[in-house]
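Worksheet: the structure to be examined is printed underneath.
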Amino acid sequence: MSAEIEARIQELGITLPQAAAPAANYVPFVISGSHLYISGQLPMENGKIAITGHLGDGLDVATGQRAAELCAINILAQAKAALGGDLSRIRRIVKLNGFIASKPTFIEQHLVMNGASNLIARVLGDAGIHARAAVGMAALPFNAAVEIDAVIEIA
């Protein structure tokens, strides 16, 4: 199964980065029982935040979706680190929580989150179908456009 997941990642043209170190006083993930909790991931690419600003104020939905995809890629990178490199230990993505920096008049946070949801489902198949939240925020760390955390059931 792990080879199958890795093949899907490669087919999608994704290279999982090294899991990012925390930027403050927290850990990047916690395993408790059969659940893996991934701390909020920012839209990092090549070691820096790739998409900054606010949706509805210079950033459109497509750009927000790309930011959400990058967050999802970083969630997978953290999961891989937490699981000793074996993504096949993922039984199910239980929930994604999406925080979207946006103007008060922007009301398409759910469409932005589709970037992450679609990528996770493509990579993990049925195990990637999840519950989620998508909420607008006044600001996020480092002026990131999107931040996403995850709850994952593992074997």
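Ligands are numbered from 1 in the order shown, residues from 1 within each chain, and chains are lettered A, B, ... in the order they appear in the structure tokens.
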Near stretch 56-62 of chain A, counting only C-alpha atoms, which residues have an atom at most 12 Å away, once you skip same-chain residues fewer than 5 positions from it, shown as a PyMOL selection string?
chain A and resi 51+67-69+100-116+136+138+144-146
Would you mind listing what lies within 7 Å of stretch 149-153 of chain A as an mmCIF file with all heavy atoms, in the first residue's frame, with only C-alpha atoms counted and same-chain residues fewer than 4 positions away left out?
```
data_model
loop_
_atom_site.group_PDB
_atom_site.id
_atom_site.type_symbol
_atom_site.label_atom_id
_atom_site.label_comp_id
_atom_site.auth_asym_id
_atom_site.auth_seq_id
_atom_site.Cartn_x
_atom_site.Cartn_y
_atom_site.Cartn_z
ATOM 1 N N SER A 34 -4.556 5.702 18.578
ATOM 2 C CA SER A 34 -4.591 5.432 17.137
ATOM 3 C C SER A 34 -4.805 6.702 16.315
ATOM 4 O O SER A 34 -5.243 6.629 15.169
ATOM 5 C CB SER A 34 -5.691 4.416 16.818
ATOM 6 O OG SER A 34 -6.951 4.956 17.174
ATOM 7 N N HIS A 35 -4.480 7.850 16.917
ATOM 8 C CA HIS A 35 -4.657 9.114 16.194
ATOM 9 C C HIS A 35 -3.352 9.901 16.117
ATOM 10 O O HIS A 35 -2.586 9.956 17.076
ATOM 11 C CB HIS A 35 -5.747 9.968 16.846
ATOM 12 C CG HIS A 35 -7.105 9.448 16.555
ATOM 13 N ND1 HIS A 35 -7.730 8.525 17.366
ATOM 14 C CD2 HIS A 35 -7.946 9.684 15.533
ATOM 15 C CE1 HIS A 35 -8.912 8.229 16.846
ATOM 16 N NE2 HIS A 35 -9.066 8.908 15.733
ATOM 17 N N LEU A 36 -3.149 10.479 14.953
ATOM 18 C CA LEU A 36 -2.022 11.361 14.691
ATOM 19 C C LEU A 36 -2.587 12.765 14.508
ATOM 20 O O LEU A 36 -3.463 12.971 13.668
ATOM 21 C CB LEU A 36 -1.288 10.902 13.419
ATOM 22 C CG LEU A 36 -0.253 11.841 12.811
ATOM 23 C CD1 LEU A 36 0.887 12.123 13.780
ATOM 24 C CD2 LEU A 36 0.276 11.237 11.506
ATOM 25 N N TYR A 37 -2.098 13.694 15.301
ATOM 26 C CA TYR A 37 -2.527 15.085 15.231
ATOM 27 C C TYR A 37 -1.386 15.890 14.604
ATOM 28 O O TYR A 37 -0.278 15.901 15.147
ATOM 29 C CB TYR A 37 -2.847 15.632 16.618
ATOM 30 C CG TYR A 37 -3.980 14.881 17.291
ATOM 31 C CD1 TYR A 37 -3.739 13.714 18.014
ATOM 32 C CD2 TYR A 37 -5.285 15.335 17.192
ATOM 33 C CE1 TYR A 37 -4.771 13.019 18.616
ATOM 34 C CE2 TYR A 37 -6.332 14.647 17.799
ATOM 35 C CZ TYR A 37 -6.065 13.485 18.508
ATOM 36 O OH TYR A 37 -7.091 12.805 19.104
ATOM 37 N N ILE A 38 -1.668 16.502 13.468
ATOM 38 C CA ILE A 38 -0.664 17.300 12.769
ATOM 39 C C ILE A 38 -0.930 18.774 13.088
ATOM 40 O O ILE A 38 -2.040 19.274 12.860
ATOM 41 C CB ILE A 38 -0.725 17.088 11.244
ATOM 42 C CG1 ILE A 38 -0.601 15.610 10.873
ATOM 43 C CG2 ILE A 38 0.320 17.958 10.536
ATOM 44 C CD1 ILE A 38 0.773 15.026 10.947
ATOM 45 N N SER A 39 0.085 19.462 13.602
ATOM 46 C CA SER A 39 -0.032 20.895 13.865
ATOM 47 C C SER A 39 -0.302 21.637 12.562
ATOM 48 O O SER A 39 -0.022 21.129 11.469
ATOM 49 C CB SER A 39 1.257 21.426 14.490
ATOM 50 O OG SER A 39 1.440 20.880 15.775
ATOM 51 N N GLY A 40 -0.804 22.849 12.683
ATOM 52 C CA GLY A 40 -1.125 23.663 11.513
ATOM 53 C C GLY A 40 0.053 23.793 10.563
ATOM 54 O O GLY A 40 1.173 24.095 10.980
ATOM 55 N N GLN A 41 -0.202 23.546 9.289
ATOM 56 C CA GLN A 41 0.816 23.630 8.246
ATOM 57 C C GLN A 41 0.518 24.825 7.357
ATOM 58 O O GLN A 41 -0.623 25.055 6.961
ATOM 59 C CB GLN A 41 0.850 22.347 7.421
ATOM 60 C CG GLN A 41 1.194 21.109 8.225
ATOM 61 C CD GLN A 41 2.583 21.178 8.832
ATOM 62 O OE1 GLN A 41 3.577 21.302 8.118
ATOM 63 N NE2 GLN A 41 2.664 21.129 10.152
ATOM 64 N N ILE A 90 -1.750 5.171 7.414
ATOM 65 C CA ILE A 90 -2.925 6.043 7.499
ATOM 66 C C ILE A 90 -4.168 5.219 7.185
ATOM 67 O O ILE A 90 -4.309 4.683 6.091
ATOM 68 C CB ILE A 90 -2.813 7.232 6.522
ATOM 69 C CG1 ILE A 90 -1.650 8.148 6.935
ATOM 70 C CG2 ILE A 90 -4.130 8.014 6.468
ATOM 71 C CD1 ILE A 90 -1.369 9.268 5.953
ATOM 72 N N ARG A 91 -5.057 5.108 8.167
ATOM 73 C CA ARG A 91 -6.330 4.425 7.942
ATOM 74 C C ARG A 91 -7.347 5.389 7.359
ATOM 75 O O ARG A 91 -8.148 5.024 6.514
ATOM 76 C CB ARG A 91 -6.880 3.858 9.255
ATOM 77 C CG ARG A 91 -6.156 2.650 9.733
ATOM 78 C CD ARG A 91 -6.891 2.041 10.898
ATOM 79 N NE ARG A 91 -6.194 0.845 11.345
ATOM 80 C CZ ARG A 91 -6.310 0.338 12.546
ATOM 81 N NH1 ARG A 91 -7.108 0.907 13.428
ATOM 82 N NH2 ARG A 91 -5.651 -0.739 12.883
ATOM 83 N N ARG A 92 -7.293 6.635 7.866
ATOM 84 C CA ARG A 92 -8.262 7.626 7.402
ATOM 85 C C ARG A 92 -7.847 9.012 7.864
ATOM 86 O O ARG A 92 -7.387 9.185 8.980
ATOM 87 C CB ARG A 92 -9.634 7.307 7.976
ATOM 88 C CG ARG A 92 -10.657 8.355 7.602
ATOM 89 C CD ARG A 92 -12.048 7.975 7.924
ATOM 90 N NE ARG A 92 -12.864 8.739 7.000
ATOM 91 C CZ ARG A 92 -13.900 8.283 6.382
ATOM 92 N NH1 ARG A 92 -14.276 7.054 6.562
ATOM 93 N NH2 ARG A 92 -14.581 9.044 5.582
ATOM 94 N N ILE A 93 -8.036 9.973 6.979
ATOM 95 C CA ILE A 93 -7.954 11.370 7.395
ATOM 96 C C ILE A 93 -9.302 11.650 8.049
ATOM 97 O O ILE A 93 -10.340 11.585 7.393
ATOM 98 C CB ILE A 93 -7.722 12.319 6.193
ATOM 99 C CG1 ILE A 93 -6.452 11.946 5.431
ATOM 100 C CG2 ILE A 93 -7.695 13.770 6.675
ATOM 101 C CD1 ILE A 93 -5.161 12.086 6.193
ATOM 102 N N VAL A 94 -9.297 11.889 9.342
ATOM 103 C CA VAL A 94 -10.540 12.094 10.076
ATOM 104 C C VAL A 94 -11.083 13.498 9.813
ATOM 105 O O VAL A 94 -12.252 13.666 9.478
ATOM 106 C CB VAL A 94 -10.340 11.862 11.593
ATOM 107 C CG1 VAL A 94 -11.625 12.159 12.363
ATOM 108 C CG2 VAL A 94 -9.858 10.439 11.851
ATOM 109 N N LYS A 95 -10.199 14.517 9.969
ATOM 110 C CA LYS A 95 -10.672 15.888 9.809
ATOM 111 C C LYS A 95 -9.531 16.819 9.437
ATOM 112 O O LYS A 95 -8.425 16.679 9.933
ATOM 113 C CB LYS A 95 -11.326 16.389 11.093
ATOM 114 C CG LYS A 95 -11.979 17.750 10.931
ATOM 115 C CD LYS A 95 -12.844 18.127 12.110
ATOM 116 C CE LYS A 95 -13.558 19.433 11.797
ATOM 117 N NZ LYS A 95 -14.293 19.932 12.943
ATOM 118 N N LEU A 96 -9.839 17.753 8.550
ATOM 119 C CA LEU A 96 -8.963 18.872 8.242
ATOM 120 C C LEU A 96 -9.644 20.141 8.740
ATOM 121 O O LEU A 96 -10.845 20.322 8.537
ATOM 122 C CB LEU A 96 -8.730 19.007 6.732
ATOM 123 C CG LEU A 96 -8.017 17.866 6.014
ATOM 124 C CD1 LEU A 96 -7.887 18.194 4.530
ATOM 125 C CD2 LEU A 96 -6.655 17.586 6.624
ATOM 126 N N ASN A 97 -8.882 20.991 9.393
ATOM 127 C CA ASN A 97 -9.361 22.303 9.820
ATOM 128 C C ASN A 97 -8.605 23.341 9.017
ATOM 129 O O ASN A 97 -7.373 23.412 9.102
ATOM 130 C CB ASN A 97 -9.117 22.526 11.311
ATOM 131 C CG ASN A 97 -9.971 21.616 12.156
ATOM 132 O OD1 ASN A 97 -11.187 21.646 12.056
ATOM 133 N ND2 ASN A 97 -9.338 20.799 12.977
ATOM 134 N N GLY A 98 -9.327 24.128 8.236
ATOM 135 C CA GLY A 98 -8.703 25.121 7.376
ATOM 136 C C GLY A 98 -8.965 26.525 7.870
ATOM 137 O O GLY A 98 -10.110 26.891 8.165
#
```
Filtered DSSP result for chain A, state alpha helix (DSSP H), as number ranges by chain
A: 2-11, 61-82, 109-124
Would you give me, as a PyMOL selection string, the residues in chain A that DSSP reads as strand (DSSP E)?
chain A and resi 29-32+35-41+44-45+48-49+54-55+58-59+90-101+131-137+146-154
Contacts of A:Gly85 within 12 Å, only C-alpha atoms, excl. fewer than 3 positions in-chain, as a VMD selection string
chain A and resid 2 to 3 5 to 6 16 18 to 19 76 to 82 88 to 90
For A:Pro141, which residue out of A:Leu87, A:Ile129, A:Ile14, A:Ala24 is the nearest one, using only C-alpha atoms?
A:Ala24
Separation of atom CA of A:Ala134 from atom CA of A:Ala121, in Å and rounded to one decimal
16.7 Å
